[in-house]
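Chemist: Could you have a look at this structure, given as structure tokens, before my questions?
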Amino acid sequence: MDANQELLNGLLMELRRGTLVLSVLSQLQEKKYGYSLVQSLEEKGVAIDPNTLYPLLRRLQKQGLLQSNWETGGSKPRKYYRRTADGDAVYKELKNRWQEMAQSMEKLLEEGEA
Amino acid sequence: MNPNEQALMERYIYQVTRRLSKNQRKEVALELEELIGDMLESTGSMEAVLTKLGDPKVFARKYQDDRHYLIGPEYFDAYLWFLKIVLLCTAVPILLVSIIEGVQTAGTDTTQSLMAVVIKAVVNGIIDVVGSCVGAFGGITLVFAVMERQKMKFEIKKEKEWSVGDLESTAGRQNSWTPDALSPIPSKNAAISKGDSVVGIVFIVLFCVLLIFAPQLIGVYFKNGESLSSVPIFNLQQWHIILPFFVLWLFIGLADEIFKLVMGRYCKPVMISNIICGGIQMVLTVVILKMLPLWNPHFISQLQTQFGGSSAAQFFIDKWDGDFVSNCLVVFFLAVTLLEIGTTIYKTLRYGSKTQ
């Protein structure tokens with residue numbers, strides 16, 4: 001039972017990992033800072049560990065999909081992220097693909113009803 | 001945030017950032033400070049926050065690029081195989097040499113007890129073996145690491161060609177690999193067998209070990225009464241100048257062999273490597289044999305004093321001519337190298353692009 005549980009956790013983690021980029025991109029049409037992104041994702045049922053999110057944000061920025069800037073106006077300096085034009089294009093395409101995939105998956109799962 | 005919490009946070013941030021590259025550190029530290037501050041406000045306990053963030057080592061690893069290896073899986077098998085052969089070829093002859101030396105000392109030196117001589121020989125042997133194995137290990141690792149980097153540069157260049165524009169085509173992202181990219185199975189005649197390379201490598205390493213550890217053993221041997229003694233043929237006084245050229249010569253040969261083995265077939269890169277390495281080796285051959293004081297300048301006088309009476313020694317004394325030997329060896333090595341280059345060019349052009 002324990003071994004099964006472990007296997008299940010591993011598989012779930014893999015499933016989730018694939019959706020991370022899409023989840024993050026979806027939330028960044030408007031600028032957000034790191035922790036507000038963690039919270040807004042969590043509220044919508046997509047929990048992501050900060051120690052996964054922060055490196056991911058940096059990577060997406062390096063790939064040119066996100067841009068960031070520090071704002072020092074508030075009580076403390078905050079780094080805000082938002083999608084770039086390239087990020088918009090990639091997000092749109094990814095989203096379409098995701099929807100197609102979800103439909104196909106839905107069909108598969110109906111057929112394979114256990 | 002109280003001072004205690006502040007200190008804890010700083011420690012955590014330090015543990016993450018010290019594992020990152022210098023240009024990332026400052027930015028990541030600021031990000032983490034912001035994050036931890038935010039998380040603290042919502043949970044209220046610094047310990048809970050840091051526990052949630054988890055081991056700083058893991059956190060730092062996620063910030064780094066995935067590639068953290070010197071020699072990747074593609075080359076790893078060849079690398080291991082190579083290490084085994086070269087280490088074996090290094091360790092065994094060195095052990096033999098130190099045993100021979102031990103026996104020689106035991107035979108001639110009667111002031112020390114046999115036990116002391118044996119222990120000394122064993123200790124010296126082990127020190128030599130360990131030292132040279134470490135050196136061999138480093139050399140091979142260096143060659144493979146360079147190959148890995150070269151390949152990497154190549155791959156990174158390829159990746160950059162991808163652009164967002166690719167996403168807009170409805171056919172989906174074109175994978176850069178197509179079946180056209182499959183290189184044909186090499187013709188049997190173009191294949192480089194492991195056996196051939198092994199012979200080359202074993203020879204090179206053995207020679208290298210001999211030249212480094214026991215150049216005095218290369219010489220003329222005569223029975224002198226009961227014991228066997230010898231006159232070295234090389235100029236051991238100038239050996240520190242000559243040896244580096246020899247080792248370079250062998251190292252270039254080794255690099256060429258490694259490259260051949262990894263490619264596994266005659267093809268243009270192998271041909272180019274062979275031409276370059278062969279060319280350098282030919283130059284070094286001439287330098288070693290014609291320009292350096294390679295031969296023992298007292299060869300004849302030493303022969304005379306040690307084996308003056310023997311007729312076999314007299315033959316050497318009469319006939320020995322260092323310049324003549326040098327010339328013969330130059331011709332021989334140049335011929336062998338040219339022959340090898342010629343064979344490589346022939347096989348590459350004839351079979352290199354042919355399929356089975």
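Ordering of the structure tokens sets the chain letters (A, B, ...), residue numbers begin anew at 1 in every chain, and ligands are numbered from 1 in the order given.
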Report the closest atom pair, with its distance in Å rounded to one decimal, for each residue of chain A that has an atom no farther than 6 Å from chain B; count only C-alpha atoms, sort by chain and then rising residue number, and write it as JSON lines.

Modeler:
```
{"residue": "A:Tyr35", "atom": "CA", "partner": "B:Leu35", "partner_atom": "CA", "distance": 6.0}
{"residue": "A:Asn51", "atom": "CA", "partner": "B:Phe59", "partner_atom": "CA", "distance": 5.5}
{"residue": "A:Pro55", "atom": "CA", "partner": "B:Tyr63", "partner_atom": "CA", "distance": 4.9}
```

Chemist: Which of these residues is nearest to A:Gly34, using only C-alpha atoms: A:Leu109, A:Leu94, A:Leu57, A:Ala85?

Modeler: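 Checking each of A:Leu109, A:Leu94, A:Leu57, A:Ala85 against A:Gly34, counting only C-alpha atoms, the winner is A:Leu57.
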
Chemist: Hey, which of A:Asp86, A:Asp49, A:Glu42, A:Glu14 ends up closest to A:Gln29? Count only C-alpha atoms.

Modeler: A:Asp86

Chemist: As an exercise, work out the distance from atom CA of B:Thr344 to atom CA of B:Met271 in Å and give it to one decimal place.

Modeler: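 These atoms are spaced 6.0 Å apart.
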
Chemist: Using only C-alpha atoms, which residues sit within 6 Å of A:Thr84 once same-chain residues fewer than 2 positions away are excluded, as a list in words?

Modeler: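 Everything that qualifies: Leu65, Leu66, Gln67, Asp86 and Gly87 of chain A.
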
Chemist: Produce a file of the selected residues containing N, CA and C atoms, as an mmCIF file, in the first residue's frame.

Modeler:
```
data_model
loop_
_atom_site.group_PDB
_atom_site.id
_atom_site.type_symbol
_atom_site.label_atom_id
_atom_site.label_comp_id
_atom_site.auth_asym_id
_atom_site.auth_seq_id
_atom_site.Cartn_x
_atom_site.Cartn_y
_atom_site.Cartn_z
ATOM 1 N N LEU A 65 9.973 34.818 -22.065
ATOM 2 C CA LEU A 65 8.512 34.751 -21.990
ATOM 3 C C LEU A 65 7.961 35.691 -20.916
ATOM 4 N N LEU A 66 8.772 36.021 -19.933
ATOM 5 C CA LEU A 66 8.356 36.939 -18.870
ATOM 6 C C LEU A 66 9.335 38.095 -18.793
ATOM 7 N N GLN A 67 8.825 39.221 -18.290
ATOM 8 C CA GLN A 67 9.744 40.308 -17.956
ATOM 9 C C GLN A 67 9.516 40.676 -16.499
ATOM 10 N N ASP A 86 6.233 37.923 -26.604
ATOM 11 C CA ASP A 86 6.543 36.527 -26.924
ATOM 12 C C ASP A 86 5.799 35.593 -25.987
ATOM 13 N N GLY A 87 5.785 35.971 -24.721
ATOM 14 C CA GLY A 87 5.086 35.165 -23.720
ATOM 15 C C GLY A 87 3.608 35.043 -24.058
#
```

Chemist: Fewer than 2 positions away in the same chain doesn't count, so skip those; otherwise give me all residues within 12 Å of A:Arg16, counting only C-alpha atoms, as number ranges by chain.

Modeler: A: 9-14, 18-23, 45-49, 52

Chemist: Using DSSP secondary structure from the backbone, list all strand (DSSP E or B) positions within chain A, as a ChimeraX atom specification.

Modeler: /A:32-33,66-71,78-83

Chemist: Would you save the residues of that selection, restricted to C-alpha atoms, as a tab-separated table (two decimals), in the first residue's frame?

Modeler:
```tsv
chain	number	residue	atom	x	y	z
A	32	LYS	CA	2.23	40.06	-10.07
A	33	TYR	CA	4.92	39.56	-7.49
A	66	LEU	CA	8.36	36.94	-18.87
A	67	GLN	CA	9.74	40.31	-17.96
A	68	SER	CA	10.36	41.60	-14.48
A	69	ASN	CA	11.05	44.83	-12.72
A	70	TRP	CA	11.66	45.88	-9.16
A	71	GLU	CA	9.22	48.38	-7.66
A	78	ARG	CA	9.04	43.92	-4.79
A	79	LYS	CA	9.85	42.17	-8.01
A	80	TYR	CA	6.93	42.07	-10.41
A	81	TYR	CA	6.62	39.67	-13.28
A	82	ARG	CA	4.44	39.83	-16.38
A	83	ARG	CA	4.24	38.21	-19.75
```

Chemist: Please provide as a PyMOL selection string all residues within 10 Å of B:Met46, with the sequence filter that same-chain residues fewer than 3 positions apart are discarded (counting only C-alpha atoms).

Modeler: chain B and resi 1-2+4-6+8-9+36-37+39-41+43+49-52

Chemist: Name all residues at most 12 Å from B:Val209 (count only C-alpha atoms; drop same-chain ones fewer than 3 positions away) and give them as a VMD selection string.

Modeler: chain B and resid 86 to 98 128 to 129 131 to 133 135 to 136 202 to 206 212 to 215 217 243 246 to 247 250 to 251

Chemist: Take the residues from that selection and write them out as an mmCIF file, in the first residue's frame, keeping N, CA and C atoms.

Modeler:
```cif
data_model
loop_
_atom_site.group_PDB
_atom_site.id
_atom_site.type_symbol
_atom_site.label_atom_id
_atom_site.label_comp_id
_atom_site.auth_asym_id
_atom_site.auth_seq_id
_atom_site.Cartn_x
_atom_site.Cartn_y
_atom_site.Cartn_z
ATOM 1 N N VAL B 86 43.903 2.131 -19.811
ATOM 2 C CA VAL B 86 45.089 2.957 -19.582
ATOM 3 C C VAL B 86 45.612 2.764 -18.161
ATOM 4 N N LEU B 87 44.720 2.693 -17.198
ATOM 5 C CA LEU B 87 45.184 2.506 -15.819
ATOM 6 C C LEU B 87 45.910 1.165 -15.668
ATOM 7 N N LEU B 88 45.334 0.158 -16.309
ATOM 8 C CA LEU B 88 45.967 -1.157 -16.249
ATOM 9 C C LEU B 88 47.357 -1.112 -16.887
ATOM 10 N N CYS B 89 47.406 -0.473 -18.068
ATOM 11 C CA CYS B 89 48.696 -0.389 -18.777
ATOM 12 C C CYS B 89 49.681 0.480 -18.016
ATOM 13 N N THR B 90 49.190 1.352 -17.176
ATOM 14 C CA THR B 90 50.114 2.182 -16.408
ATOM 15 C C THR B 90 50.599 1.420 -15.180
ATOM 16 N N ALA B 91 49.654 0.819 -14.470
ATOM 17 C CA ALA B 91 49.988 0.221 -13.182
ATOM 18 C C ALA B 91 50.889 -1.000 -13.330
ATOM 19 N N VAL B 92 50.546 -1.888 -14.243
ATOM 20 C CA VAL B 92 51.277 -3.155 -14.332
ATOM 21 C C VAL B 92 52.751 -2.951 -14.692
ATOM 22 N N PRO B 93 53.049 -2.224 -15.767
ATOM 23 C CA PRO B 93 54.484 -2.064 -16.082
ATOM 24 C C PRO B 93 55.260 -1.312 -15.007
ATOM 25 N N ILE B 94 54.619 -0.342 -14.357
ATOM 26 C CA ILE B 94 55.354 0.378 -13.312
ATOM 27 C C ILE B 94 55.697 -0.572 -12.170
ATOM 28 N N LEU B 95 54.730 -1.413 -11.831
ATOM 29 C CA LEU B 95 55.006 -2.411 -10.791
ATOM 30 C C LEU B 95 56.171 -3.294 -11.208
ATOM 31 N N LEU B 96 56.129 -3.732 -12.466
ATOM 32 C CA LEU B 96 57.200 -4.594 -12.960
ATOM 33 C C LEU B 96 58.543 -3.884 -12.868
ATOM 34 N N VAL B 97 58.547 -2.621 -13.310
ATOM 35 C CA VAL B 97 59.798 -1.871 -13.282
ATOM 36 C C VAL B 97 60.324 -1.767 -11.861
ATOM 37 N N SER B 98 59.425 -1.489 -10.912
ATOM 38 C CA SER B 98 59.955 -1.337 -9.557
ATOM 39 C C SER B 98 60.412 -2.675 -8.985
ATOM 40 N N ASP B 128 54.823 5.251 -6.968
ATOM 41 C CA ASP B 128 54.879 5.504 -8.402
ATOM 42 C C ASP B 128 53.572 5.142 -9.085
ATOM 43 N N VAL B 129 53.039 3.971 -8.715
ATOM 44 C CA VAL B 129 51.806 3.509 -9.356
ATOM 45 C C VAL B 129 50.677 4.505 -9.082
ATOM 46 N N GLY B 131 50.816 7.637 -8.137
ATOM 47 C CA GLY B 131 51.068 8.935 -8.773
ATOM 48 C C GLY B 131 50.772 8.912 -10.256
ATOM 49 N N SER B 132 51.258 7.879 -10.935
ATOM 50 C CA SER B 132 51.068 7.903 -12.383
ATOM 51 C C SER B 132 49.644 7.552 -12.769
ATOM 52 N N CYS B 133 48.964 6.732 -11.966
ATOM 53 C CA CYS B 133 47.557 6.458 -12.259
ATOM 54 C C CYS B 133 46.730 7.726 -12.115
ATOM 55 N N GLY B 135 47.815 10.702 -12.596
ATOM 56 C CA GLY B 135 48.145 11.502 -13.774
ATOM 57 C C GLY B 135 47.411 11.015 -15.014
ATOM 58 N N ALA B 136 47.418 9.697 -15.218
ATOM 59 C CA ALA B 136 46.751 9.128 -16.386
ATOM 60 C C ALA B 136 45.261 9.418 -16.331
ATOM 61 N N VAL B 202 47.738 0.560 -25.845
ATOM 62 C CA VAL B 202 48.618 -0.188 -24.946
ATOM 63 C C VAL B 202 50.072 0.134 -25.247
ATOM 64 N N PHE B 203 50.407 0.150 -26.521
ATOM 65 C CA PHE B 203 51.780 0.434 -26.928
ATOM 66 C C PHE B 203 52.198 1.822 -26.449
ATOM 67 N N ILE B 204 51.335 2.809 -26.692
ATOM 68 C CA ILE B 204 51.673 4.178 -26.315
ATOM 69 C C ILE B 204 51.890 4.294 -24.815
ATOM 70 N N VAL B 205 50.960 3.716 -24.058
ATOM 71 C CA VAL B 205 51.060 3.860 -22.607
ATOM 72 C C VAL B 205 52.289 3.136 -22.053
ATOM 73 N N LEU B 206 52.524 1.939 -22.557
ATOM 74 C CA LEU B 206 53.696 1.182 -22.092
ATOM 75 C C LEU B 206 54.972 1.973 -22.343
ATOM 76 N N ILE B 212 59.247 7.391 -18.825
ATOM 77 C CA ILE B 212 59.189 8.259 -17.654
ATOM 78 C C ILE B 212 59.911 7.612 -16.472
ATOM 79 N N PHE B 213 59.665 6.321 -16.272
ATOM 80 C CA PHE B 213 60.132 5.710 -15.030
ATOM 81 C C PHE B 213 61.454 4.977 -15.141
ATOM 82 N N ALA B 214 61.726 4.494 -16.326
ATOM 83 C CA ALA B 214 62.945 3.682 -16.382
ATOM 84 C C ALA B 214 63.693 3.848 -17.696
ATOM 85 N N PRO B 215 64.028 5.084 -18.064
ATOM 86 C CA PRO B 215 64.785 5.236 -19.321
ATOM 87 C C PRO B 215 66.134 4.538 -19.230
ATOM 88 N N LEU B 217 66.681 1.670 -18.252
ATOM 89 C CA LEU B 217 66.578 0.248 -18.601
ATOM 90 C C LEU B 217 66.730 0.022 -20.096
ATOM 91 N N LEU B 243 62.548 14.331 -22.255
ATOM 92 C CA LEU B 243 61.332 13.611 -21.870
ATOM 93 C C LEU B 243 60.035 14.343 -22.248
ATOM 94 N N PHE B 246 59.082 13.706 -25.757
ATOM 95 C CA PHE B 246 58.613 12.328 -25.911
ATOM 96 C C PHE B 246 57.173 12.186 -25.438
ATOM 97 N N VAL B 247 56.923 12.737 -24.252
ATOM 98 C CA VAL B 247 55.591 12.577 -23.662
ATOM 99 C C VAL B 247 54.559 13.294 -24.524
ATOM 100 N N LEU B 250 53.769 11.174 -27.468
ATOM 101 C CA LEU B 250 52.904 10.047 -27.115
ATOM 102 C C LEU B 250 51.489 10.526 -26.816
ATOM 103 N N PHE B 251 51.388 11.659 -26.149
ATOM 104 C CA PHE B 251 50.065 12.172 -25.761
ATOM 105 C C PHE B 251 49.242 12.508 -27.003
#
```

Chemist: With DSSP run on the backbone, what are the alpha helix (DSSP H) residues within chain A? I'd like them as number ranges by chain.

Modeler: A: 2-26, 34-43, 50-62, 85-111

Chemist: Output C-alpha atoms for every residue in the selection just made, as an mmCIF file, in the first residue's frame.

Modeler:
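Result file out_36.cif:
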```
data_model
loop_
_atom_site.group_PDB
_atom_site.id
_atom_site.type_symbol
_atom_site.label_atom_id
_atom_site.label_comp_id
_atom_site.auth_asym_id
_atom_site.auth_seq_id
_atom_site.Cartn_x
_atom_site.Cartn_y
_atom_site.Cartn_z
ATOM 1 C CA ASP A 2 2.808 2.347 0.951
ATOM 2 C CA ALA A 3 4.724 1.564 -2.201
ATOM 3 C CA ASN A 4 1.610 2.249 -4.244
ATOM 4 C CA GLN A 5 1.132 5.546 -2.497
ATOM 5 C CA GLU A 6 4.703 6.512 -3.260
ATOM 6 C CA LEU A 7 4.303 5.570 -6.884
ATOM 7 C CA LEU A 8 1.095 7.567 -7.065
ATOM 8 C CA ASN A 9 2.783 10.609 -5.569
ATOM 9 C CA GLY A 10 5.588 10.391 -8.085
ATOM 10 C CA LEU A 11 3.174 10.119 -10.989
ATOM 11 C CA LEU A 12 1.077 13.007 -9.711
ATOM 12 C CA MET A 13 4.151 15.143 -9.402
ATOM 13 C CA GLU A 14 5.081 14.417 -12.985
ATOM 14 C CA LEU A 15 1.580 15.248 -14.194
ATOM 15 C CA ARG A 16 1.637 18.506 -12.297
ATOM 16 C CA ARG A 17 5.091 19.447 -13.453
ATOM 17 C CA GLY A 18 3.915 19.433 -17.039
ATOM 18 C CA THR A 19 1.194 21.961 -16.296
ATOM 19 C CA LEU A 20 3.317 24.380 -14.287
ATOM 20 C CA VAL A 21 4.462 26.622 -17.097
ATOM 21 C CA LEU A 22 0.951 26.973 -18.453
ATOM 22 C CA SER A 23 -0.442 27.722 -14.994
ATOM 23 C CA VAL A 24 2.140 30.381 -14.318
ATOM 24 C CA LEU A 25 1.829 32.018 -17.727
ATOM 25 C CA SER A 26 -1.954 32.122 -17.374
ATOM 26 C CA GLY A 34 6.112 36.132 -6.470
ATOM 27 C CA TYR A 35 4.154 35.411 -3.347
ATOM 28 C CA SER A 36 0.897 36.897 -4.660
ATOM 29 C CA LEU A 37 1.275 34.453 -7.539
ATOM 30 C CA VAL A 38 1.724 31.562 -5.092
ATOM 31 C CA GLN A 39 -1.391 32.613 -3.276
ATOM 32 C CA SER A 40 -3.568 33.213 -6.317
ATOM 33 C CA LEU A 41 -2.595 29.836 -7.734
ATOM 34 C CA GLU A 42 -3.279 28.153 -4.422
ATOM 35 C CA GLU A 43 -6.724 29.756 -4.137
ATOM 36 C CA PRO A 50 7.800 28.572 -3.798
ATOM 37 C CA ASN A 51 11.055 26.708 -4.222
ATOM 38 C CA THR A 52 9.743 25.479 -7.553
ATOM 39 C CA LEU A 53 8.061 28.696 -8.612
ATOM 40 C CA TYR A 54 10.925 31.117 -8.142
ATOM 41 C CA PRO A 55 13.471 29.248 -10.215
ATOM 42 C CA LEU A 56 10.765 28.696 -12.839
ATOM 43 C CA LEU A 57 10.033 32.431 -13.029
ATOM 44 C CA ARG A 58 13.705 33.114 -13.616
ATOM 45 C CA ARG A 59 13.910 30.488 -16.290
ATOM 46 C CA LEU A 60 10.866 31.836 -18.114
ATOM 47 C CA GLN A 61 12.356 35.290 -17.952
ATOM 48 C CA LYS A 62 15.624 34.022 -19.389
ATOM 49 C CA ALA A 85 4.732 39.795 -26.200
ATOM 50 C CA ASP A 86 6.543 36.527 -26.924
ATOM 51 C CA GLY A 87 5.086 35.165 -23.720
ATOM 52 C CA ASP A 88 1.591 36.120 -24.896
ATOM 53 C CA ALA A 89 2.085 34.275 -28.165
ATOM 54 C CA VAL A 90 3.465 31.184 -26.495
ATOM 55 C CA TYR A 91 0.736 31.223 -23.870
ATOM 56 C CA LYS A 92 -2.011 31.465 -26.498
ATOM 57 C CA GLU A 93 -0.594 28.554 -28.439
ATOM 58 C CA LEU A 94 0.020 26.446 -25.343
ATOM 59 C CA LYS A 95 -3.502 27.111 -24.160
ATOM 60 C CA ASN A 96 -4.997 25.950 -27.451
ATOM 61 C CA ARG A 97 -2.898 22.816 -27.356
ATOM 62 C CA TRP A 98 -3.862 22.173 -23.783
ATOM 63 C CA GLN A 99 -7.541 22.400 -24.619
ATOM 64 C CA GLU A 100 -7.165 19.960 -27.476
ATOM 65 C CA MET A 101 -5.225 17.656 -25.228
ATOM 66 C CA ALA A 102 -7.814 17.900 -22.467
ATOM 67 C CA GLN A 103 -10.575 16.975 -24.898
ATOM 68 C CA SER A 104 -8.678 14.000 -26.199
ATOM 69 C CA MET A 105 -7.843 12.922 -22.690
ATOM 70 C CA GLU A 106 -11.477 13.231 -21.722
ATOM 71 C CA LYS A 107 -12.438 10.874 -24.523
ATOM 72 C CA LEU A 108 -9.723 8.422 -23.577
ATOM 73 C CA LEU A 109 -10.803 8.406 -19.978
ATOM 74 C CA GLU A 110 -14.465 7.884 -20.843
ATOM 75 C CA GLU A 111 -13.558 4.852 -22.901
#
```

Chemist: Enter the distance from atom CA of B:Lys120 to atom CA of B:Leu210, in Å, rounded to one decimal.

Modeler: 20.1 Å
